[in-house]
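*Asks:* Quick one: this structure, given as structure tokens, is what I'll be asking you about.
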Amino acid sequence: MSAHKAVTLKDVAEQAHVSQSVVSTILNGRQNGIFVSESTRRNVIAAAEELGYVAKHRNAPSIRKPSITAHRSGGLRESHLVGLLLGRRFGGSLFTDIFYGVNSVLSQEGYHPLVLDTYADSYTKAAEKEAEGLQYARDNRFAGVVLWHEGGTANVPLIQEVRNEMPVVAIDRRVVGVELDFVGTDNYLGAYEATKHLIEQGHKRIAHLTRLETTDAAIGRLRGYQQAITDAGLEVDPRHILLALDSGRRLNSDLIRQVFTSPNAPTAIFLLADFWAPPIYAELRQLGLRVPEDVALVGFDDVVQPGLDGLELTSMAQDFEAIGATAGHMILRRLSDPEASIATTVYPATLSVRKSSKIAPKPAPVRRERRTAELLSV
């Protein structure tokens with residue numbers, strides 16, 4: 001690098017093989033919503049030192065200071081950041097509405113959510129990313145943490161440790177052995193209503209696409225599905241409870257083909273989440289099956305945009321913005337009173353009916369008029 005040319009963020013980014021925003025986060029101390037692992041941090045600092053990068057000091061914009069200061073065992077916690085550990089599976093309302101709801105409440109009191117994305121291509125890696133996010137929030141003395149439901153049980157001891165130092169609010173997730181403020185959706189009743197809707201459309205063989213996990217969402221939706229079938233006087237067929245995922249997050253296409261080409265195949269599917277609607281829809285079309293004429297679909301979350309590949313998905317809508325806002329209020333409440341009783345808020349899910357589950361109209365009977373000669377002969 002020429003001595004006459006100042007080293008830029010771009011130069012450091014190219015040297016460290018990361019984006020300029022990551023370099024800015026590390027070297028200029030900017031809070032721009034990016035979580036950086038310790039190994040990446042070391043790599044960027046080494047690249048900056050090797051190139052001789054000198055940070056440009058600018059006057060920082062004024063930030064409203066938190067109006068609440070929580071006293072914990074580690075001393076006064078004055079950080080204005082609240083970690084939002086959320087897996088970005090969707091680019092739509094689930095992710096953005098939760099963030100907007102949390103921010104709309106916290107920002108009024110001088111706090112700001114920092115997204116620590118926990119999404120990964122397998123649930124084991126997602127749990128590892130959650131652990132990194134929890135440790136990051138702890139090491140940087142965040143004001144609190146909001147946990148999404150995908151972390152499983154791998155990090156329970158760490159969650160308890162973080163809970164001892166700062167407020168932790170769980171969204172749609174019960175952590176066994178740890179008392180956490182909780183906000184979520186009535187997954188049981190939502191699944192019951194979704195399955196009941198399919199039964200009312202005349203379906204008697206209804207599959208449920210789910211996965212092996214211990215979250216409230218998966219367990220509640222499975223039980224709601226089973227109860228709706230039982231209450232209708234139908235039999236729950238274990239072959240129609242589809243654990244149709246491979247070792248990662250991809251749809252097990254072989255199992256789907258096996259189930260829907262077998263005798264007495266399901267005529268409807270209730271999906272654990274809208275996330276699985278597009279791949280299921282694609283698999284059904286490859287088998288020559290039409291939605292809803294051959295197989296009806298109902299999802300959960302209401303985040304698939306209508307018209308995606310011709311799919312107009314019926315789904316149970318969640319009020320993600322309200323859930324996020326409630327999580328924000330719970331963080332502020334516990335910052336104000338760390339010894340307050342555990343709070344729980346559960347919102348209903350609302351059925352949004354679209355074409356994917358409606359009864360397909362039967363073709364009108366062809367009217368055949370007798371010939372005039374036949375009429376005259378009568």
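Labels used: A, B, ... for chains in the order of the structure tokens, numbers from 1 for residues in each chain, and numbers from 1 for ligands as shown.
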For Glu293 of chain A, list every protein, DNA or RNA residue within 8 Å, evaluated using only C-alpha atoms, and leave out those in the same chain fewer than 3 positions away; present the list as a list in words.

*Replies:* Leu289, Arg290, Ala296, Ile359 and Ala360 of chain A

*Asks:* Among segment 137-349 of chain A, which residues carry a DSSP assignment of helix (DSSP H, G or I), reported as an MDAnalysis selection string?

*Replies:* chainID A and resid 137:139 149:151 156:163 187:200 216:231 238:240 253:260 274:286 320:336

*Asks:* How many Å separate atom CA of Pro278 of chain A from atom CA of Glu321 of chain A?

*Replies:*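 Atom-to-atom, atom CA of Pro278 of chain A and atom CA of Glu321 of chain A are spaced 24.1 Å apart.
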
*Asks:* Point out the residue among A:Leu51, A:Arg223, A:Ala217, A:Leu209 with the least atom-to-atom distance to Leu255 of chain A, counting only C-alpha atoms.

*Replies:*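 Among A:Leu51, A:Arg223, A:Ala217, A:Leu209, it is A:Leu209 that comes nearest to Leu255 of chain A.
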
*Asks:* Enter the distance from atom CA of Leu271 of chain A to atom CA of Val183 of chain A, in Å, rounded to one decimal.

*Replies:*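 Going from atom CA of Leu271 of chain A over to atom CA of Val183 of chain A covers 22.0 Å.
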
*Asks:* Select, from A:Phe320, A:Tyr188, A:Phe99, A:Trp276, the residue with the minimum atom-to-atom distance to Val304 of chain A, counting only C-alpha atoms.

*Replies:* A:Trp276

*Asks:* Between atom CA of Leu297 of chain A and atom CA of His203 of chain A, what is the spacing in Å?

*Replies:* 11.1 Å

*Asks:* With a distance cut-off of 9 Å and only C-alpha atoms, select the neighbouring residues of Ile159 of chain A, excluding the residue or stretch itself and same-chain residues fewer than 6 positions from it, and output the selection as number ranges by chain.

*Replies:* A: 131, 134, 168, 175, 178

*Asks:* If you count only C-alpha atoms, which residues fall within 12 Å of Thr350 of chain A, apart from same-chain ones fewer than 2 positions away, as a PDB file with N, CA, C and O atoms, in the first residue's frame?

*Replies:*
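The resulting file, part15.pdb, is reproduced below:
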ATOM      1  N   THR A 185     -48.193 -16.737  20.950  1.00  0.00           N
ATOM      2  CA  THR A 185     -49.484 -16.985  20.322  1.00  0.00           C
ATOM      3  C   THR A 185     -50.086 -18.263  20.887  1.00  0.00           C
ATOM      4  O   THR A 185     -49.353 -19.181  21.282  1.00  0.00           O
ATOM      5  N   ASP A 186     -51.415 -18.346  20.906  1.00  0.00           N
ATOM      6  CA  ASP A 186     -52.095 -19.566  21.331  1.00  0.00           C
ATOM      7  C   ASP A 186     -51.969 -20.589  20.203  1.00  0.00           C
ATOM      8  O   ASP A 186     -52.836 -20.695  19.334  1.00  0.00           O
ATOM      9  N   ASN A 187     -50.875 -21.323  20.205  1.00  0.00           N
ATOM     10  CA  ASN A 187     -50.587 -22.271  19.136  1.00  0.00           C
ATOM     11  C   ASN A 187     -51.562 -23.440  19.118  1.00  0.00           C
ATOM     12  O   ASN A 187     -51.946 -23.922  18.044  1.00  0.00           O
ATOM     13  N   LEU A 189     -54.830 -23.530  20.157  1.00  0.00           N
ATOM     14  CA  LEU A 189     -56.129 -23.141  19.616  1.00  0.00           C
ATOM     15  C   LEU A 189     -56.028 -22.758  18.146  1.00  0.00           C
ATOM     16  O   LEU A 189     -56.927 -23.048  17.347  1.00  0.00           O
ATOM     17  N   GLY A 190     -54.933 -22.127  17.759  1.00  0.00           N
ATOM     18  CA  GLY A 190     -54.742 -21.776  16.361  1.00  0.00           C
ATOM     19  C   GLY A 190     -54.704 -23.010  15.474  1.00  0.00           C
ATOM     20  O   GLY A 190     -55.327 -23.047  14.409  1.00  0.00           O
ATOM     21  N   ALA A 191     -53.968 -24.040  15.906  1.00  0.00           N
ATOM     22  CA  ALA A 191     -53.897 -25.285  15.139  1.00  0.00           C
ATOM     23  C   ALA A 191     -55.251 -25.989  15.121  1.00  0.00           C
ATOM     24  O   ALA A 191     -55.634 -26.590  14.111  1.00  0.00           O
ATOM     25  N   TYR A 192     -55.959 -25.921  16.223  1.00  0.00           N
ATOM     26  CA  TYR A 192     -57.295 -26.521  16.301  1.00  0.00           C
ATOM     27  C   TYR A 192     -58.213 -25.884  15.262  1.00  0.00           C
ATOM     28  O   TYR A 192     -58.912 -26.578  14.519  1.00  0.00           O
ATOM     29  N   GLU A 193     -58.193 -24.556  15.192  1.00  0.00           N
ATOM     30  CA  GLU A 193     -59.053 -23.847  14.244  1.00  0.00           C
ATOM     31  C   GLU A 193     -58.648 -24.130  12.801  1.00  0.00           C
ATOM     32  O   GLU A 193     -59.498 -24.264  11.915  1.00  0.00           O
ATOM     33  N   ALA A 194     -57.363 -24.220  12.548  1.00  0.00           N
ATOM     34  CA  ALA A 194     -56.883 -24.509  11.196  1.00  0.00           C
ATOM     35  C   ALA A 194     -57.344 -25.890  10.741  1.00  0.00           C
ATOM     36  O   ALA A 194     -57.826 -26.073   9.605  1.00  0.00           O
ATOM     37  N   HIS A 197     -61.109 -26.037  10.214  1.00  0.00           N
ATOM     38  CA  HIS A 197     -61.466 -25.432   8.927  1.00  0.00           C
ATOM     39  C   HIS A 197     -61.359 -26.462   7.803  1.00  0.00           C
ATOM     40  O   HIS A 197     -62.244 -26.548   6.940  1.00  0.00           O
ATOM     41  N   GLY A 299     -51.521 -23.006   6.377  1.00  0.00           N
ATOM     42  CA  GLY A 299     -50.267 -22.743   7.065  1.00  0.00           C
ATOM     43  C   GLY A 299     -50.469 -22.058   8.403  1.00  0.00           C
ATOM     44  O   GLY A 299     -51.587 -21.953   8.915  1.00  0.00           O
ATOM     45  N   PHE A 300     -49.370 -21.589   8.971  1.00  0.00           N
ATOM     46  CA  PHE A 300     -49.404 -20.879  10.248  1.00  0.00           C
ATOM     47  C   PHE A 300     -48.349 -19.777  10.199  1.00  0.00           C
ATOM     48  O   PHE A 300     -47.208 -20.037   9.847  1.00  0.00           O
ATOM     49  N   ASP A 301     -48.743 -18.570  10.514  1.00  0.00           N
ATOM     50  CA  ASP A 301     -47.910 -17.352  10.573  1.00  0.00           C
ATOM     51  C   ASP A 301     -48.447 -16.260   9.655  1.00  0.00           C
ATOM     52  O   ASP A 301     -48.331 -15.092   9.960  1.00  0.00           O
ATOM     53  N   ASP A 302     -48.979 -16.636   8.493  1.00  0.00           N
ATOM     54  CA  ASP A 302     -49.503 -15.686   7.507  1.00  0.00           C
ATOM     55  C   ASP A 302     -48.413 -14.737   7.024  1.00  0.00           C
ATOM     56  O   ASP A 302     -48.566 -13.516   7.054  1.00  0.00           O
ATOM     57  N   THR A 314     -54.065 -20.153   2.624  1.00  0.00           N
ATOM     58  CA  THR A 314     -54.831 -19.977   3.857  1.00  0.00           C
ATOM     59  C   THR A 314     -53.873 -20.155   5.032  1.00  0.00           C
ATOM     60  O   THR A 314     -53.048 -21.069   5.037  1.00  0.00           O
ATOM     61  N   SER A 315     -53.974 -19.290   6.032  1.00  0.00           N
ATOM     62  CA  SER A 315     -53.010 -19.374   7.127  1.00  0.00           C
ATOM     63  C   SER A 315     -53.592 -18.784   8.414  1.00  0.00           C
ATOM     64  O   SER A 315     -54.533 -17.994   8.384  1.00  0.00           O
ATOM     65  N   MET A 316     -53.010 -19.196   9.532  1.00  0.00           N
ATOM     66  CA  MET A 316     -53.339 -18.625  10.829  1.00  0.00           C
ATOM     67  C   MET A 316     -52.407 -17.432  11.070  1.00  0.00           C
ATOM     68  O   MET A 316     -51.198 -17.601  11.214  1.00  0.00           O
ATOM     69  N   ALA A 317     -52.969 -16.231  11.086  1.00  0.00           N
ATOM     70  CA  ALA A 317     -52.166 -15.012  11.210  1.00  0.00           C
ATOM     71  C   ALA A 317     -51.818 -14.730  12.663  1.00  0.00           C
ATOM     72  O   ALA A 317     -52.672 -14.828  13.552  1.00  0.00           O
ATOM     73  N   GLN A 318     -50.555 -14.379  12.884  1.00  0.00           N
ATOM     74  CA  GLN A 318     -50.103 -13.938  14.202  1.00  0.00           C
ATOM     75  C   GLN A 318     -49.888 -12.426  14.186  1.00  0.00           C
ATOM     76  O   GLN A 318     -49.463 -11.875  13.180  1.00  0.00           O
ATOM     77  N   ASP A 319     -50.130 -11.776  15.315  1.00  0.00           N
ATOM     78  CA  ASP A 319     -49.911 -10.338  15.427  1.00  0.00           C
ATOM     79  C   ASP A 319     -48.479 -10.104  15.906  1.00  0.00           C
ATOM     80  O   ASP A 319     -48.227  -9.851  17.083  1.00  0.00           O
ATOM     81  N   TYR A 347     -51.462 -14.216  22.690  1.00  0.00           N
ATOM     82  CA  TYR A 347     -52.355 -13.633  21.698  1.00  0.00           C
ATOM     83  C   TYR A 347     -53.033 -14.735  20.879  1.00  0.00           C
ATOM     84  O   TYR A 347     -52.439 -15.785  20.638  1.00  0.00           O
ATOM     85  N   PRO A 348     -54.264 -14.483  20.416  1.00  0.00           N
ATOM     86  CA  PRO A 348     -54.917 -15.469  19.550  1.00  0.00           C
ATOM     87  C   PRO A 348     -54.371 -15.398  18.128  1.00  0.00           C
ATOM     88  O   PRO A 348     -53.862 -14.366  17.702  1.00  0.00           O
ATOM     89  N   SER A 352     -57.053 -16.720   8.223  1.00  0.00           N
ATOM     90  CA  SER A 352     -57.197 -15.964   6.975  1.00  0.00           C
ATOM     91  C   SER A 352     -57.411 -16.971   5.848  1.00  0.00           C
ATOM     92  O   SER A 352     -56.478 -17.681   5.448  1.00  0.00           O
ATOM     93  N   VAL A 353     -58.658 -17.065   5.363  1.00  0.00           N
ATOM     94  CA  VAL A 353     -59.014 -18.073   4.371  1.00  0.00           C
ATOM     95  C   VAL A 353     -58.723 -17.558   2.966  1.00  0.00           C
ATOM     96  O   VAL A 353     -59.159 -16.468   2.584  1.00  0.00           O
TER      97      VAL A 353
END

*Asks:* Leaving out Met330 of chain A and any residue of its chain fewer than 5 positions from it, which residues lie within 12 Å of it when counting only C-alpha atoms, given as JSON, numbers by chain?

*Replies:* {"A": [82, 102, 105, 106, 144, 145, 146, 167, 168, 169, 170, 171, 180, 181, 182, 183, 323, 324, 325, 335, 336, 337, 338, 340, 341, 342, 343, 344, 345]}

*Asks:* Skip Ala322 of chain A itself and residues of its chain fewer than 4 positions away, then list as a short mmCIF file (atom, residue, chain, number, x, y, z; two decimals) with all heavy atoms, in the first residue's frame all residues within 8 Å of it, counting only C-alpha atoms.

*Replies:*
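This went into part28.cif:
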data_model
loop_
_atom_site.label_atom_id
_atom_site.label_comp_id
_atom_site.auth_asym_id
_atom_site.auth_seq_id
_atom_site.Cartn_x
_atom_site.Cartn_y
_atom_site.Cartn_z
N ILE A 98 -41.82 -8.05 14.31
CA ILE A 98 -41.34 -8.25 15.68
C ILE A 98 -40.32 -7.17 16.03
O ILE A 98 -40.39 -6.55 17.10
CB ILE A 98 -40.74 -9.66 15.87
CG1 ILE A 98 -41.86 -10.71 15.88
CG2 ILE A 98 -39.95 -9.74 17.19
CD1 ILE A 98 -41.35 -12.13 16.02
N GLY A 101 -42.06 -3.82 16.48
CA GLY A 101 -42.81 -3.76 17.73
C GLY A 101 -41.90 -3.54 18.93
O GLY A 101 -42.18 -2.70 19.80
N THR A 326 -45.08 -6.09 23.13
CA THR A 326 -45.25 -6.64 24.48
C THR A 326 -43.91 -7.09 25.05
O THR A 326 -43.64 -6.88 26.24
CB THR A 326 -46.23 -7.82 24.45
OG1 THR A 326 -47.50 -7.37 23.96
CG2 THR A 326 -46.42 -8.42 25.84
#

*Asks:* Skipping near chain neighbours, those fewer than 2 positions away, what residues fall within 6 Å of segment 6-12 of chain A using only C-alpha atoms, listed as a PyMOL selection string?

*Replies:* chain A and resi 14-15+20+47-48+53

*Asks:* So, with only C-alpha atoms as the atoms that count, which of A:Arg334, A:Arg205, A:Arg42, A:Arg173 lies closest to Ile26 of chain A?

*Replies:*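 Going through A:Arg334, A:Arg205, A:Arg42, A:Arg173 one by one, the smallest distance to Ile26 of chain A is for A:Arg42.
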